[in-house]
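Data block below; observations after.
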Amino acid sequence: MRTQVGIIGAGPAGLLLSRLLALQGIDSVVLENRSRSYVEARIRAGILEQHSVDTLTEVGLGHRLHREGLEHHGIYLQYPGTRHKLDFPDLCGRTVWVYGQTEVVKDLIAAQLDGGPPLLFDVSDVTPEDVDTDSPRIRFTDADGNPQLLECDVIAGTDGFHGPSRAVVHEAGGGKVWERTYPYAWLGILADVAPSTDELIYAWHPEGFALHSMRSPTVSRLYLQVDPSEKIEDWSDDRIWDDLATRFALDGWELQTGPVTEKSILPMRSFVSSPMRRGRLFLAGDAAHIVPPTGAKGLNLAVADVTLLATALVRLLKEGRSDLVDGYSDRALARVWRCTHFSWWMTSMLHTSGDEFDAELQLSQLRRVCSSEAAARELAENYTGLPID
Ligand code: APR
Ligand code: PHB
């Protein structure tokens, strides 16, 4: 088998890269070790920045997003006694969209299987080889158990945090990893109940952070800060709703409850791996970086990475010019660090540790963001997404 770009991983990064390349006449093959149904059922975050919406729309994937997605004009920041709306169009002229990553992936897969480049599910033993040469290869076993070799001009490692590509980059030496594990986790639920709010609520509370998000006019997504050692079995639906009601409490407002259809506990960490390239192997998305979910940046960073990478690969493969691939890692990492800072900052401002000094600093920062237009604009610009260039 031969292709121009061998893509490892069919998450949002790999699938969108394949589509961006196809629209520029560059062929690719996407190799995914999970099944289609597994990939389409994974529940992930749900906020799209303006540039992500624009990118998906430009590649012809905006129909369902514009029909079923919910455009949001701000968020509420809450601390005891106060719920303050940050108006994004007023502050920075941009909006965000609520549309689940699960739905983005379904749209990308449907488009790919409808006449797009090959997408192979259920492969195994995926191994990038010869990445320091101009003819790298991917060895893998196909779904029927046959060994295969995919010869490429370039390999994209879009295989998420646990995929094999990042280790291949680091084998060359000289790479660096930064990591921060936070001392809290999120307990997330999906519930069949209309959201009790028009915009997302990010709530600071002495008992811990809570977030009220949504997926549709009839489905709510809610999160509670919990200790990372907590077991989901110890959290009955009633206990979850009680804690949510306590943390979101505000005079004259009530949290509506409903059947919980999914619940899980998610760890929180920041992780950055540099460089995002070794020879003809390029990393993008979660393969190179993880952000805590508080800033809603994970999916948007993956979109930004592959937007840069696609442009760089088109230049390399069509014009034989390597300037953009040579600059790819530094350019992508500049945005990664901006989003890493923003996600860390949001996380640090909103999650309680039990330390009373920290709590006063957090409340002071929240009052500042809710009273100073400059401080609010800084949050709004980062939340809605800085321009890619
Ligand atoms: N071989 C083939 N595919 C693999 C392998 C492997 N050895 N290891 C992992 N994969 C696949 C995973 O099954 C997954 O489908 O790579 C894909 C990576 O997708 P994601 O984890 O969704 O990562 P990415 O596409 O970078 O998207 C980033 O996903 O995790 C969220 O918060 C994150 O929203 C962000 C987004
Ligand atoms: C979500 O809806 O899953 C969501 C929204 C905002 C965040 C994180 C997650 O900051």
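Identifiers for the structure tokens are assigned positionally: chains receive A, B, ... in sequence, residues are indexed from 1 per chain, and ligands are indexed from 1 in the order shown.
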
For this session: Could you give me the residues within 7 Å of ligand 1, counting only C-alpha atoms and all ligand atoms, as a ChimeraX atom specification?
Result: /A:8-14,31-34,39,44-45,101,123-126,158-164,284-287,290,298-300,302

For this session: Please check which protein, DNA or RNA residues sit within 6 Å of ligand 2, counting only C-alpha atoms and all ligand atoms, and write them as a PyMOL selection string.
Result: chain A and resi 45-47+213-214+221+293-296

For this session: Please return as a PyMOL selection string: the residues of range 258-372 of chain A that backbone DSSP assigns to alpha helix (DSSP H).
Result: chain A and resi 298-319+323-350+356-371

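As for CA of Leu200 in chain A and CA of Gly74 in chain A, they are spaced 7.7 Å apart.
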
Exercise. Quick one: of A:Gln112, A:Ser329, A:Thr102, A:Ser348, who's nearest to Ala41 in chain A, counting only C-alpha atoms?
Worked result: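 Closest residue, counting only C-alpha atoms: A:Thr102.
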
For this session: Taking the DSSP assignment computed from this structure's backbone, write out as a ChimeraX atom specification all residues of range 75-177 of chain A that belong to strand (DSSP E).
Result: /A:75-79,82-87,96-98,119-120,124-129,137-141,147-151,154-157,176-177

Exercise. Neighbours of range 68-72 of chain A within 6 Å (only C-alpha atoms; same-chain residues fewer than 3 positions away dropped), as a list in words?
Worked result: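 The contact residues come out as Arg64, Leu65, Thr95, Val96, Trp97, Val98 and Tyr99 of chain A.
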
Take the residues from that selection and put them in a file with N, CA, C and O atoms, as a PDB file, in the first residue's frame.
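Below is the file part-v6.pdb, written as the result:
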ATOM      1  N   ARG A  64     -24.893  19.906   9.879  1.00  0.00           N
ATOM      2  CA  ARG A  64     -25.540  19.475  11.119  1.00  0.00           C
ATOM      3  C   ARG A  64     -25.119  20.377  12.280  1.00  0.00           C
ATOM      4  O   ARG A  64     -25.923  20.689  13.156  1.00  0.00           O
ATOM      5  N   LEU A  65     -23.858  20.824  12.238  1.00  0.00           N
ATOM      6  CA  LEU A  65     -23.376  21.720  13.287  1.00  0.00           C
ATOM      7  C   LEU A  65     -24.245  22.981  13.359  1.00  0.00           C
ATOM      8  O   LEU A  65     -24.674  23.401  14.444  1.00  0.00           O
ATOM      9  N   THR A  95     -18.090  34.387  19.176  1.00  0.00           N
ATOM     10  CA  THR A  95     -18.974  33.513  19.951  1.00  0.00           C
ATOM     11  C   THR A  95     -18.347  32.120  19.999  1.00  0.00           C
ATOM     12  O   THR A  95     -17.304  31.895  19.386  1.00  0.00           O
ATOM     13  N   VAL A  96     -18.961  31.205  20.742  1.00  0.00           N
ATOM     14  CA  VAL A  96     -18.560  29.791  20.704  1.00  0.00           C
ATOM     15  C   VAL A  96     -19.814  28.956  20.423  1.00  0.00           C
ATOM     16  O   VAL A  96     -20.934  29.469  20.502  1.00  0.00           O
ATOM     17  N   TRP A  97     -19.609  27.686  20.102  1.00  0.00           N
ATOM     18  CA  TRP A  97     -20.737  26.799  19.817  1.00  0.00           C
ATOM     19  C   TRP A  97     -20.697  25.574  20.707  1.00  0.00           C
ATOM     20  O   TRP A  97     -19.620  25.001  20.922  1.00  0.00           O
ATOM     21  N   VAL A  98     -21.865  25.176  21.190  1.00  0.00           N
ATOM     22  CA  VAL A  98     -21.981  23.896  21.893  1.00  0.00           C
ATOM     23  C   VAL A  98     -22.344  22.846  20.853  1.00  0.00           C
ATOM     24  O   VAL A  98     -23.405  22.922  20.197  1.00  0.00           O
ATOM     25  N   TYR A  99     -21.435  21.914  20.623  1.00  0.00           N
ATOM     26  CA  TYR A  99     -21.676  20.808  19.688  1.00  0.00           C
ATOM     27  C   TYR A  99     -20.679  19.726  20.095  1.00  0.00           C
ATOM     28  O   TYR A  99     -19.471  19.959  20.057  1.00  0.00           O
TER      29      TYR A  99
END

Report as a Markdown table the residues of range 202-276 of chain A within 9 Å of range 351-355 of chain A, each with its shortest atom pair and distance in Å (one decimal), using only C-alpha atoms, ordered by chain and increasing residue number.
| residue | atom | partner | partner_atom | distance |
| --- | --- | --- | --- | --- |
| A:Trp204 | CA | A:His351 | CA | 6.9 |
| A:His205 | CA | A:Thr352 | CA | 7.5 |
| A:Pro206 | CA | A:Thr352 | CA | 6.5 |
| A:Glu207 | CA | A:Thr352 | CA | 7.2 |
| A:Gly208 | CA | A:Thr352 | CA | 5.2 |
| A:Phe209 | CA | A:His351 | CA | 5.1 |
| A:Ala210 | CA | A:His351 | CA | 8.7 |
| A:Gln225 | CA | A:His351 | CA | 7.1 |

Could you write out that same residue set with C-alpha atoms as a compact mmCIF listing (two decimals), in the first residue's frame?
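The file below, again.txt, is the result:
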# COMPACT_ATOMS: atom_id res chain seq x y z
CA TRP A 204 -16.69 28.57 42.41
CA HIS A 205 -17.95 27.19 45.71
CA PRO A 206 -16.20 26.43 49.04
CA GLU A 207 -17.10 22.75 48.50
CA GLY A 208 -15.58 22.74 45.02
CA PHE A 209 -16.05 23.85 41.44
CA ALA A 210 -19.14 22.96 39.39
CA GLN A 225 -14.95 18.90 41.22

Exercise. Quick one, how far is CA of Phe271 in chain A from CA of Trp337 in chain A?
Worked result: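 It comes out at 10.0 Å.
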
Problem set entry | Residue nearest Asp107 in chain A among A:Leu15, A:Ala185, A:Leu386, A:Val53 (counting only C-alpha atoms) |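 Going through A:Leu15, A:Ala185, A:Leu386, A:Val53 one by one, the smallest distance to Asp107 in chain A is for A:Leu15.
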
For this session: Quick one: everything within 10 Å of Arg377 in chain A, counting only C-alpha atoms, minus sequence neighbours fewer than 5 positions away in the same chain. Send it as JSON, numbers by chain.
Result: {"A": [86, 87, 88, 90, 91, 92, 369, 372, 382, 383]}

Return as a tab-separated table the residues of range 135-163 of chain A lying at most 10 Å from range 304-321 of chain A, together with the closest atom-to-atom pair for each and the distance in Å to one decimal, counting only C-alpha atoms, with rows in chain order and ascending residue number.
residue	atom	partner	partner_atom	distance
A:Asp153	CA	A:Leu317	CA	8.1
A:Val154	CA	A:Leu313	CA	8.3
A:Ala156	CA	A:Leu309	CA	9.0
A:Thr158	CA	A:Val306	CA	9.1

Exercise. Using only C-alpha atoms, which of the listed residues (A:Ile189, A:Ala110, A:Ala359, A:Ala172) sits closest to Ile240 in chain A?
Worked result: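 Result for the nearest residue to Ile240 in chain A: A:Ile189.
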
For this session: Tell me, in Å to one decimal, how far CA of Asp54 in chain A is from CA of Leu301 in chain A.
Result: 14.0 Å

Problem set entry | Shell around Ser229 in chain A at 10 Å using only C-alpha atoms, local window under 4 positions removed, as a VMD selection string | chain A and resid 183 to 185 265 267

Exercise. Nearest to Thr82 in chain A: which of A:Ala203, A:Met276, A:Val29, A:Leu120 is it, counting only C-alpha atoms?
Worked result: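 Closest to Thr82 in chain A, using only C-alpha atoms: A:Ala203.
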
For this session: Pick out the residues sitting within 8 Å of Glu151 in chain A, and hand them over as number ranges by chain; count only C-alpha atoms, and ignore anything fewer than 3 positions along from it in its own chain.
Result: A: 1-3, 6, 135-138
